[in-house]
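Structure below is run-v1.json: JSON, C-alpha atoms.
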[["chain", "number", "residue", "atom", "x", "y", "z"],
["Y", 520, "MET", "CA", -3.29, -31.03, -63.66],
["Y", 521, "ASN", "CA", -0.32, -31.75, -61.41],
["Y", 522, "ILE", "CA", -1.08, -32.55, -57.77],
["Y", 523, "TYR", "CA", 1.72, -31.93, -55.29],
["Y", 524, "TYR", "CA", 1.97, -33.74, -51.99],
["Y", 525, "VAL", "CA", 4.26, -32.08, -49.47],
["Y", 526, "THR", "CA", 5.34, -33.90, -46.30],
["Y", 527, "TRP", "CA", 8.13, -33.39, -43.77],
["Y", 528, "VAL", "CA", 10.81, -36.08, -43.58],
["Y", 529, "LYS", "CA", 13.09, -36.86, -40.65],
["Y", 530, "SER", "CA", 15.81, -34.45, -41.71],
["Y", 531, "GLU", "CA", 14.78, -30.91, -40.73],
["Y", 532, "SER", "CA", 16.61, -29.63, -43.78],
["Y", 533, "MET", "CA", 14.50, -31.52, -46.28],
["Y", 534, "ILE", "CA", 10.87, -31.70, -47.41],
["Y", 535, "LYS", "CA", 9.37, -34.30, -49.67],
["Y", 536, "VAL", "CA", 7.54, -33.10, -52.83],
["Y", 537, "ASN", "CA", 5.94, -35.78, -55.03],
["Y", 538, "GLY", "CA", 8.08, -38.35, -53.29],
["Y", 539, "GLU", "CA", 11.36, -36.48, -53.92],
["Y", 540, "ASN", "CA", 13.52, -34.79, -51.29],
["Y", 541, "HIS", "CA", 14.07, -31.04, -51.57],
["Y", 542, "ILE", "CA", 15.94, -28.67, -49.31],
["Y", 543, "SER", "CA", 13.57, -26.37, -47.43],
["Y", 544, "SER", "CA", 13.68, -22.58, -47.64],
["Y", 545, "THR", "CA", 13.82, -22.33, -43.85],
["Y", 546, "THR", "CA", 17.03, -24.37, -43.87],
["Y", 547, "VAL", "CA", 18.51, -22.19, -46.62],
["Y", 548, "TYR", "CA", 17.63, -19.11, -44.59],
["Y", 549, "GLY", "CA", 19.33, -20.55, -41.53],
["Y", 550, "LYS", "CA", 22.53, -21.12, -43.50],
["Y", 551, "ILE", "CA", 22.71, -17.63, -45.05],
["Y", 552, "GLU", "CA", 20.84, -15.60, -42.44],
["Y", 553, "ASP", "CA", 23.77, -13.26, -41.83],
["Y", 554, "GLU", "CA", 24.21, -12.54, -45.55],
["Y", 555, "ILE", "CA", 20.51, -11.78, -45.96],
["Y", 556, "LYS", "CA", 20.42, -9.52, -42.93],
["Y", 557, "SER", "CA", 23.57, -7.71, -44.03],
["Y", 558, "ILE", "CA", 21.61, -6.39, -47.04],
["Y", 559, "TYR", "CA", 18.07, -5.97, -45.73],
["Y", 560, "ARG", "CA", 19.21, -4.35, -42.49],
["Y", 561, "SER", "CA", 21.20, -1.80, -44.43],
["Y", 562, "ARG", "CA", 19.07, 0.91, -45.97],
["Y", 563, "LEU", "CA", 22.00, 2.11, -48.05],
["Y", 564, "GLN", "CA", 22.89, -1.29, -49.49],
["Y", 565, "THR", "CA", 19.26, -1.97, -50.38],
["Y", 566, "GLN", "CA", 18.84, 1.44, -52.01],
["Y", 567, "ILE", "CA", 22.06, 1.08, -53.98],
["Y", 568, "LEU", "CA", 21.03, -2.30, -55.37],
["Y", 569, "LEU", "CA", 17.53, -1.15, -56.26],
["Y", 570, "SER", "CA", 18.72, 2.09, -57.86],
["Y", 571, "LEU", "CA", 21.14, 0.23, -60.14],
["Y", 572, "ILE", "CA", 18.39, -1.93, -61.66],
["Y", 573, "GLU", "CA", 17.31, 0.82, -64.05],
["Y", 574, "GLU", "CA", 20.76, 2.04, -65.13],
["Y", 575, "ASN", "CA", 24.37, 2.43, -64.04],
["Y", 576, "LYS", "CA", 25.03, 5.35, -61.70],
["Y", 577, "ASN", "CA", 28.01, 7.32, -60.47],
["Y", 578, "LEU", "CA", 28.80, 8.19, -56.87],
["Y", 579, "SER", "CA", 27.15, 11.60, -57.10],
["Y", 580, "GLN", "CA", 23.88, 10.03, -58.30],
["Y", 581, "LEU", "CA", 23.98, 7.40, -55.57],
["Y", 582, "ARG", "CA", 24.52, 10.13, -52.96],
["Y", 583, "GLU", "CA", 21.49, 12.02, -54.28],
["Y", 584, "ILE", "CA", 19.27, 8.92, -54.36],
["Y", 585, "THR", "CA", 20.20, 7.73, -50.88],
["Y", 586, "GLY", "CA", 20.47, 11.18, -49.33],
["Y", 587, "SER", "CA", 23.81, 10.21, -47.83],
["Y", 588, "SER", "CA", 27.40, 11.42, -47.96],
["Y", 589, "SER", "CA", 30.25, 9.81, -49.86],
["Y", 590, "GLN", "CA", 31.70, 8.72, -46.51],
["Y", 591, "ALA", "CA", 28.53, 6.70, -45.87],
["Y", 592, "VAL", "CA", 27.93, 5.37, -49.39],
["Y", 593, "ILE", "CA", 31.44, 4.25, -50.38],
["Y", 594, "PRO", "CA", 31.86, 1.62, -47.62],
["Y", 595, "LYS", "CA", 28.51, 0.09, -48.57],
["Y", 596, "ILE", "CA", 29.56, -0.06, -52.22],
["Y", 597, "ARG", "CA", 32.75, -1.85, -51.16],
["Y", 598, "ILE", "CA", 30.72, -4.42, -49.21],
["Y", 599, "LEU", "CA", 28.51, -5.06, -52.25],
["Y", 600, "GLU", "CA", 31.59, -5.33, -54.45],
["Y", 601, "SER", "CA", 33.15, -7.88, -52.10],
["Y", 602, "SER", "CA", 29.93, -9.89, -52.30],
["Y", 603, "GLN", "CA", 30.21, -9.82, -56.13],
["Y", 604, "LEU", "CA", 26.89, -7.97, -56.43],
["Y", 605, "VAL", "CA", 28.18, -4.61, -57.67],
["Y", 606, "LYS", "CA", 31.15, -3.70, -59.86],
["Y", 607, "GLU", "CA", 32.74, -0.58, -61.33],
["Y", 608, "ASP", "CA", 32.09, 0.38, -64.92],
["Y", 609, "GLY", "CA", 34.37, 3.31, -65.68],
["Y", 610, "SER", "CA", 33.24, 6.16, -63.45],
["Y", 611, "ASN", "CA", 29.92, 4.41, -62.76],
["Y", 612, "TYR", "CA", 28.76, 1.49, -60.68],
["Y", 613, "CYS", "CA", 26.63, -1.33, -62.07],
["Y", 614, "LEU", "CA", 25.10, -4.62, -60.97],
["Y", 615, "SER", "CA", 26.91, -7.86, -61.65],
["Y", 616, "PRO", "CA", 24.83, -10.58, -63.34],
["Y", 617, "MET", "CA", 24.28, -12.14, -59.92],
["Y", 618, "GLY", "CA", 23.50, -8.74, -58.41],
["Y", 619, "ARG", "CA", 20.93, -8.01, -61.11],
["Y", 620, "ILE", "CA", 19.04, -11.23, -60.38],
["Y", 621, "LEU", "CA", 19.09, -10.61, -56.63],
["Y", 622, "ALA", "CA", 18.08, -6.94, -56.98],
["Y", 623, "SER", "CA", 15.21, -7.90, -59.29],
["Y", 624, "LYS", "CA", 13.89, -10.37, -56.70],
["Y", 625, "MET", "CA", 14.26, -7.75, -53.99],
["Y", 626, "GLN", "CA", 12.34, -5.25, -56.10],
["Y", 627, "ASP", "CA", 9.49, -7.73, -56.65],
["Y", 628, "TYR", "CA", 9.28, -8.45, -52.91],
["Y", 629, "ILE", "CA", 9.36, -4.78, -51.93],
["Y", 630, "LEU", "CA", 6.73, -3.72, -54.49],
["Y", 631, "THR", "CA", 4.47, -6.64, -53.55],
["Y", 632, "PHE", "CA", 4.82, -5.80, -49.86],
["Y", 633, "GLY", "CA", 4.17, -2.16, -50.73],
["Y", 634, "VAL", "CA", 0.94, -2.93, -52.60],
["Y", 635, "PHE", "CA", -0.41, -5.12, -49.81],
["Y", 636, "SER", "CA", 0.54, -2.48, -47.24],
["Y", 637, "LYS", "CA", -0.83, 0.48, -49.24],
["Y", 638, "PHE", "CA", -4.19, -1.19, -49.91],
["Y", 639, "LYS", "CA", -4.32, -3.43, -46.84],
["Y", 640, "ASP", "CA", -7.96, -2.71, -46.00],
["Y", 641, "PHE", "CA", -8.98, -3.40, -49.60],
["Y", 642, "TRP", "CA", -7.30, -6.83, -49.72],
["Y", 643, "VAL", "CA", -8.62, -7.82, -46.30],
["Y", 644, "LYS", "CA", -12.22, -7.03, -47.26],
["Y", 645, "HIS", "CA", -12.19, -8.81, -50.62],
["Y", 646, "HIS", "CA", -11.99, -12.26, -52.14],
["Y", 647, "LEU", "CA", -8.60, -12.84, -53.80],
["Y", 648, "GLY", "CA", -9.39, -16.28, -55.22],
["Y", 649, "GLY", "CA", -10.26, -14.84, -58.62],
["Y", 650, "ILE", "CA", -6.76, -13.47, -59.19],
["Y", 651, "PRO", "CA", -4.67, -16.05, -61.09],
["Y", 652, "GLU", "CA", -1.33, -16.94, -59.50],
["Y", 653, "PRO", "CA", 0.80, -15.45, -62.32],
["Y", 654, "LEU", "CA", -0.94, -12.11, -61.78],
["Y", 655, "LEU", "CA", -0.59, -12.34, -58.00],
["Y", 656, "ASN", "CA", 3.14, -12.75, -58.51],
["Y", 657, "ASP", "CA", 3.22, -9.41, -60.37],
["Y", 658, "ILE", "CA", 0.75, -7.56, -58.18],
["Y", 659, "GLY", "CA", 3.48, -5.12, -57.19],
["Y", 660, "ASP", "CA", 2.84, -3.50, -60.60],
["Y", 661, "LEU", "CA", -0.22, -1.89, -59.01],
["Y", 662, "ILE", "CA", 1.84, 0.21, -56.59],
["Y", 663, "ASP", "CA", 1.09, 3.46, -58.44],
["Y", 664, "SER", "CA", -2.67, 3.08, -58.19],
["Y", 665, "GLU", "CA", -5.41, 4.47, -55.96],
["Y", 666, "ILE", "CA", -8.61, 3.30, -54.35],
["Y", 667, "ILE", "CA", -11.80, 5.06, -55.41],
["Y", 668, "ARG", "CA", -14.57, 4.67, -52.82],
["Y", 669, "GLU", "CA", -18.16, 5.70, -52.52],
["Y", 670, "THR", "CA", -18.80, 8.31, -49.85],
["Y", 671, "THR", "CA", -21.91, 9.61, -48.14],
["Y", 672, "GLU", "CA", -21.47, 12.79, -50.20],
["Y", 673, "ASP", "CA", -21.00, 10.89, -53.48],
["Y", 674, "VAL", "CA", -22.58, 7.43, -53.50],
["Y", 675, "SER", "CA", -21.89, 6.98, -57.21],
["Y", 676, "LYS", "CA", -18.24, 8.02, -57.16],
["Y", 677, "VAL", "CA", -16.90, 4.62, -58.31],
["Y", 678, "LEU", "CA", -19.29, 4.28, -61.24],
["Y", 679, "SER", "CA", -19.02, 7.92, -62.31],
["Y", 680, "THR", "CA", -15.22, 7.65, -62.29],
["Y", 681, "TYR", "CA", -15.38, 4.42, -64.27],
["Y", 682, "PHE", "CA", -17.75, 5.69, -66.97],
["Y", 683, "SER", "CA", -15.88, 8.99, -67.24],
["Y", 684, "CYS", "CA", -12.63, 7.10, -67.92],
["Y", 685, "LEU", "CA", -14.35, 4.70, -70.31],
["Y", 686, "ARG", "CA", -15.72, 7.55, -72.45],
["Y", 687, "GLU", "CA", -12.14, 8.68, -73.11],
["Y", 688, "SER", "CA", -10.92, 5.24, -74.23],
["Y", 689, "ARG", "CA", -10.43, 3.93, -77.75],
["Y", 690, "GLN", "CA", -9.64, 0.28, -76.92],
["Y", 691, "VAL", "CA", -11.52, -1.63, -74.25],
["Y", 692, "PHE", "CA", -10.73, -5.00, -72.67],
["Y", 693, "VAL", "CA", -13.02, -6.42, -69.99],
["Y", 694, "VAL", "CA", -13.02, -9.50, -67.75],
["Y", 695, "SER", "CA", -16.14, -9.88, -65.64],
["Y", 696, "SER", "CA", -18.57, -12.25, -64.01],
["Y", 697, "MET", "CA", -21.27, -9.60, -63.60],
["Y", 698, "THR", "CA", -22.84, -6.79, -65.63],
["Y", 699, "SER", "CA", -25.54, -4.11, -65.67],
["Y", 700, "ILE", "CA", -27.64, -2.29, -68.26],
["Y", 701, "GLU", "CA", -25.48, 0.80, -67.70],
["Y", 702, "LEU", "CA", -22.30, -1.14, -68.42],
["Y", 703, "ILE", "CA", -23.71, -2.69, -71.60],
["Y", 704, "ASP", "CA", -24.86, 0.76, -72.76],
["Y", 705, "ALA", "CA", -21.34, 2.10, -72.18],
["Y", 706, "VAL", "CA", -19.89, -0.77, -74.23],
["Y", 707, "ILE", "CA", -22.41, -0.13, -77.04],
["Y", 708, "GLU", "CA", -21.46, 3.54, -77.05],
["Y", 709, "ARG", "CA", -17.79, 2.62, -77.60],
["Y", 710, "LEU", "CA", -18.73, 0.12, -80.29],
["Y", 711, "ALA", "CA", -20.93, 2.64, -82.10],
["Y", 712, "LYS", "CA", -17.93, 4.96, -82.39],
["Y", 713, "GLY", "CA", -16.00, 2.19, -84.12],
["Y", 714, "PHE", "CA", -13.63, 1.34, -81.27],
["Y", 715, "PRO", "CA", -12.66, -2.31, -80.65],
["Y", 716, "VAL", "CA", -14.05, -3.93, -77.52],
["Y", 717, "GLU", "CA", -13.10, -7.38, -76.23],
["Y", 718, "VAL", "CA", -15.01, -8.91, -73.33],
["Y", 719, "VAL", "CA", -14.43, -12.15, -71.44],
["Y", 720, "ILE", "CA", -17.35, -13.30, -69.28],
["Y", 721, "THR", "CA", -18.25, -16.39, -67.28],
["Y", 722, "ARG", "CA", -20.60, -19.10, -68.48],
["Y", 723, "ASP", "CA", -23.18, -18.10, -65.84],
["Y", 724, "LEU", "CA", -23.19, -14.50, -67.03],
["Y", 725, "PHE", "CA", -23.45, -15.56, -70.65],
["Y", 726, "VAL", "CA", -26.63, -17.48, -69.85],
["Y", 727, "LYS", "CA", -28.10, -14.45, -68.07],
["Y", 728, "LEU", "CA", -27.50, -12.16, -71.05],
["Y", 729, "ASP", "CA", -30.14, -13.99, -73.07],
["Y", 730, "LYS", "CA", -32.75, -13.28, -70.39],
["Y", 731, "GLU", "CA", -34.55, -10.19, -69.17],
["Y", 732, "PRO", "CA", -33.62, -7.47, -68.52],
["Y", 733, "TYR", "CA", -30.54, -7.96, -70.75],
["Y", 734, "THR", "CA", -31.93, -9.66, -73.88],
["Y", 735, "GLU", "CA", -32.53, -6.58, -76.01],
["Y", 736, "LYS", "CA", -29.26, -4.91, -75.10],
["Y", 737, "TYR", "CA", -27.35, -8.16, -75.62],
["Y", 738, "TYR", "CA", -28.60, -8.60, -79.19],
["Y", 739, "GLU", "CA", -27.98, -4.95, -79.94],
["Y", 740, "MET", "CA", -24.41, -5.26, -78.71],
["Y", 741, "MET", "CA", -23.77, -8.43, -80.69],
["Y", 742, "GLN", "CA", -24.55, -6.72, -84.01],
["Y", 743, "PHE", "CA", -21.27, -4.81, -83.93],
["Y", 744, "SER", "CA", -18.41, -6.42, -85.84],
["Y", 745, "ASN", "CA", -15.83, -4.65, -83.66],
["Y", 746, "LEU", "CA", -17.02, -6.60, -80.60],
["Y", 747, "LYS", "CA", -15.32, -9.82, -79.58],
["Y", 748, "LEU", "CA", -17.32, -11.58, -76.86],
["Y", 749, "MET", "CA", -15.71, -14.61, -75.22],
["Y", 750, "VAL", "CA", -16.82, -17.08, -72.57],
["Y", 751, "THR", "CA", -14.55, -18.76, -70.06],
["Y", 752, "GLU", "CA", -15.17, -21.76, -67.84],
["Y", 753, "GLU", "CA", -12.55, -20.45, -65.39],
["Y", 754, "TYR", "CA", -13.35, -19.31, -61.86],
["Y", 755, "VAL", "CA", -13.76, -15.54, -62.21],
["Y", 756, "ARG", "CA", -14.62, -13.31, -59.29],
["Y", 757, "VAL", "CA", -13.48, -9.95, -60.61],
["Y", 758, "GLY", "CA", -14.67, -6.96, -62.59],
["Y", 759, "THR", "CA", -11.70, -5.66, -64.57],
["Y", 760, "THR", "CA", -11.49, -3.14, -67.38],
["Y", 761, "VAL", "CA", -8.25, -2.03, -68.99],
["Y", 762, "THR", "CA", -7.88, 0.41, -71.86],
["Y", 763, "GLU", "CA", -5.01, 2.42, -73.31],
["Y", 764, "ASN", "CA", -5.76, 5.03, -70.63],
["Y", 765, "PHE", "CA", -6.83, 3.41, -67.39],
["Y", 766, "LEU", "CA", -7.26, 0.27, -65.32],
["Y", 767, "SER", "CA", -10.29, -0.43, -63.15],
["Y", 768, "PHE", "CA", -9.99, -3.46, -60.91],
["Y", 769, "GLY", "CA", -12.81, -4.60, -58.63],
["Y", 770, "LEU", "CA", -13.28, -7.71, -56.52],
["Y", 771, "TYR", "CA", -16.00, -9.65, -54.78],
["Y", 772, "LYS", "CA", -16.44, -9.38, -51.04],
["Y", 773, "THR", "CA", -14.69, -11.95, -48.85],
["Y", 774, "ASP", "CA", -17.42, -14.59, -49.22],
["Y", 775, "GLY", "CA", -16.98, -14.53, -53.00],
["Y", 776, "MET", "CA", -20.74, -14.12, -53.52],
["Y", 777, "LEU", "CA", -21.31, -10.39, -54.03],
["Y", 778, "PHE", "CA", -19.33, -8.01, -56.22],
["Y", 779, "ASP", "CA", -18.31, -4.87, -54.35],
["Y", 780, "ILE", "CA", -19.30, -1.79, -56.36],
["Y", 781, "THR", "CA", -18.43, 0.58, -53.51],
["Y", 782, "GLU", "CA", -14.64, 0.59, -54.00],
["Y", 783, "GLN", "CA", -12.20, -0.31, -56.76],
["Y", 784, "ILE", "CA", -8.57, 0.13, -57.70],
["Y", 785, "PHE", "CA", -7.96, 2.69, -60.46],
["Y", 786, "SER", "CA", -4.72, 3.54, -62.21],
["Y", 787, "CYS", "CA", -3.34, 5.31, -65.26],
["Y", 788, "ASP", "CA", 0.20, 4.10, -64.57],
["Y", 789, "ARG", "CA", 1.99, 2.30, -67.42],
["Y", 790, "LYS", "CA", 2.97, -0.73, -65.31],
["Y", 791, "ALA", "CA", -0.55, -1.06, -63.91],
["Y", 792, "LEU", "CA", -2.00, -0.95, -67.42],
["Y", 793, "GLY", "CA", 0.46, -3.66, -68.44],
["Y", 794, "TRP", "CA", -0.68, -5.76, -65.49],
["Y", 795, "GLY", "CA", -4.31, -5.26, -66.49],
["Y", 796, "LYS", "CA", -3.60, -6.34, -70.07],
["Y", 797, "LYS", "CA", -1.83, -9.47, -68.85],
["Y", 798, "PHE", "CA", -4.84, -10.14, -66.62],
["Y", 799, "PHE", "CA", -7.16, -9.87, -69.61],
["Y", 800, "GLN", "CA", -4.90, -12.01, -71.80],
["Y", 801, "TYR", "CA", -4.79, -14.74, -69.15],
["Y", 802, "TYR", "CA", -8.56, -15.21, -69.32],
["Y", 803, "LYS", "CA", -8.76, -14.58, -73.05],
["Y", 804, "ASN", "CA", -6.41, -17.54, -73.58],
["Y", 805, "ARG", "CA", -8.84, -19.66, -71.57],
["Y", 806, "SER", "CA", -12.04, -18.67, -73.38],
["Y", 807, "VAL", "CA", -13.96, -19.35, -76.56],
["Y", 808, "ILE", "CA", -15.45, -16.76, -78.92],
["Y", 809, "VAL", "CA", -19.23, -16.35, -79.00],
["Y", 810, "LYS", "CA", -20.65, -16.31, -82.52],
["Y", 811, "VAL", "CA", -23.25, -13.73, -83.52],
["Y", 812, "PRO", "CA", -26.73, -15.16, -82.74]]

Is it possible to express this structure as structure tokens?
Amino acid sequence: MNIYYVTWVKSESMIKVNGENHISSTTVYGKIEDEIKSIYRSRLQTQILLSLIEENKNLSQLREITGSSSQAVIPKIRILESSQLVKEDGSNYCLSPMGRILASKMQDYILTFGVFSKFKDFWVKHHLGGIPEPLLNDIGDLIDSEIIRETTEDVSKVLSTYFSCLRESRQVFVVSSMTSIELIDAVIERLAKGFPVEVVITRDLFVKLDKEPYTEKYYEMMQFSNLKLMVTEEYVRVGTTVTENFLSFGLYKTDGMLFDITEQIFSCDRKALGWGKKFFQYYKNRSVIVKVP
């Protein structure tokens, strides 16, 4: 494991990392502040760059996307062209190689900011330490998700939503540090229908499965050849299920001691499902398979 020591040196423009001098981001910002603001302060320039990530577009399409006239859009295109970020491609406009890199970084920042803003209360009330850094970097992929919460009228809304989605799934991937008889029964039901189920659990949870009230259900579950149960020594403070149809993502409360079953993130969006599968794969790569007892 690499340990990084960061200290300030006399020059305000440099920081020291592992004994080596590196220019600081605050210094870089100071040097190109006007260039950064020229893009982020301009709604049109930002929208043009972001819209060109997916595919090249003509002036008519850019007008429709930005909701602006040609008289407003064309000068902004010229500014981006002069900055070597956008170029003409026949009757269309496209990103330059440099523009594509910058626009991609902008997109990541905006989506990440959007996810934290959209679910602000959720993040504030929960422990984020169980989310690996690579997945935090891509958390903007959850932008097209929703929070399902228990209400006084429906105190089982989260669980009923979860089990309803699970019953419609044909591939199941789980990462969790907690369980329940109901959850194990739902897994057994999927297994009995012949669908593959892969589960990554913590060492502490694995020990609990061989004790009451889980013993009988645990041994029943382990008899299915289409189950792959794995144990990780990693720090896990999540309850995540991803299938071909949905993602369910729950966290522990801020103290990291109690899993919150009252609200979870749910999504059927393609990018969110991809994020969930990467989440599962991260812990799967750091686990060992449990052999049938």

request  = Enter the distance from CA of Asp553 (chain Y) to CA of Glu600 (chain Y), in Å, rounded to one decimal.
outcome  = 16.8 Å

task = Have a look at CA of Ser786 (chain Y) and CA of Thr585 (chain Y) and let me know their distance in Å, one decimal.
result =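 If I compute the distance from CA of Ser786 (chain Y) to CA of Thr585 (chain Y), I get 27.7 Å.
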
request  = Extract, using only C-alpha atoms, all DNA, RNA and protein residues at most 9 Å from region 700-702 of chain Y, discarding same-chain residues fewer than 3 positions from it, and format them as a list in words.
outcome  = Phe682, Ala705, Val706, Ile707, Pro732, Tyr733 and Lys736 of chain Y

key: Near-Lys772 (chain Y) list (10 Å; all atoms listed in the file; drop same-chain fewer than 5 positions) as a ChimeraX atom specification   = /Y:641-647,756,777-780

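Interatomic distance, CA of Asp663 (chain Y) to CA of Val761 (chain Y): 15.1 Å.
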
With the input short on atoms, add N, CA and C atoms back to region 595-609 of chain Y and write it as an mmCIF file, in the frame of the given file.
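So out.cif came out as:
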data_model
loop_
_atom_site.group_PDB
_atom_site.id
_atom_site.type_symbol
_atom_site.label_atom_id
_atom_site.label_comp_id
_atom_site.auth_asym_id
_atom_site.auth_seq_id
_atom_site.Cartn_x
_atom_site.Cartn_y
_atom_site.Cartn_z
ATOM 1 N N LYS Y 595 29.581 1.029 -48.200
ATOM 2 C CA LYS Y 595 28.510 0.090 -48.570
ATOM 3 C C LYS Y 595 28.742 -0.457 -49.976
ATOM 4 N N ILE Y 596 29.233 0.408 -50.865
ATOM 5 C CA ILE Y 596 29.560 -0.060 -52.220
ATOM 6 C C ILE Y 596 30.651 -1.121 -52.140
ATOM 7 N N ARG Y 597 31.648 -0.885 -51.294
ATOM 8 C CA ARG Y 597 32.750 -1.850 -51.160
ATOM 9 C C ARG Y 597 32.248 -3.198 -50.640
ATOM 10 N N ILE Y 598 31.291 -3.165 -49.723
ATOM 11 C CA ILE Y 598 30.720 -4.420 -49.210
ATOM 12 C C ILE Y 598 30.010 -5.165 -50.337
ATOM 13 N N LEU Y 599 29.237 -4.441 -51.141
ATOM 14 C CA LEU Y 599 28.510 -5.060 -52.250
ATOM 15 C C LEU Y 599 29.478 -5.575 -53.316
ATOM 16 N N GLU Y 600 30.573 -4.867 -53.502
ATOM 17 C CA GLU Y 600 31.590 -5.330 -54.450
ATOM 18 C C GLU Y 600 32.238 -6.613 -53.949
ATOM 19 N N SER Y 601 32.520 -6.672 -52.660
ATOM 20 C CA SER Y 601 33.150 -7.880 -52.100
ATOM 21 C C SER Y 601 32.225 -9.079 -52.152
ATOM 22 N N SER Y 602 30.917 -8.812 -52.183
ATOM 23 C CA SER Y 602 29.930 -9.890 -52.300
ATOM 24 C C SER Y 602 29.633 -10.227 -53.762
ATOM 25 N N GLN Y 603 30.362 -9.586 -54.687
ATOM 26 C CA GLN Y 603 30.210 -9.820 -56.130
ATOM 27 C C GLN Y 603 28.821 -9.422 -56.646
ATOM 28 N N LEU Y 604 28.212 -8.430 -56.005
ATOM 29 C CA LEU Y 604 26.890 -7.970 -56.430
ATOM 30 C C LEU Y 604 26.964 -6.683 -57.237
ATOM 31 N N VAL Y 605 27.986 -5.884 -56.978
ATOM 32 C CA VAL Y 605 28.180 -4.610 -57.670
ATOM 33 C C VAL Y 605 29.609 -4.549 -58.181
ATOM 34 N N LYS Y 606 29.804 -3.880 -59.319
ATOM 35 C CA LYS Y 606 31.150 -3.700 -59.860
ATOM 36 C C LYS Y 606 31.267 -2.322 -60.492
ATOM 37 N N GLU Y 607 32.505 -1.882 -60.693
ATOM 38 C CA GLU Y 607 32.740 -0.580 -61.330
ATOM 39 C C GLU Y 607 32.695 -0.723 -62.837
ATOM 40 N N ASP Y 608 32.140 0.310 -63.463
ATOM 41 C CA ASP Y 608 32.090 0.380 -64.920
ATOM 42 C C ASP Y 608 32.530 1.788 -65.316
ATOM 43 N N GLY Y 609 33.846 1.974 -65.457
ATOM 44 C CA GLY Y 609 34.370 3.310 -65.680
ATOM 45 C C GLY Y 609 34.188 4.158 -64.438
#
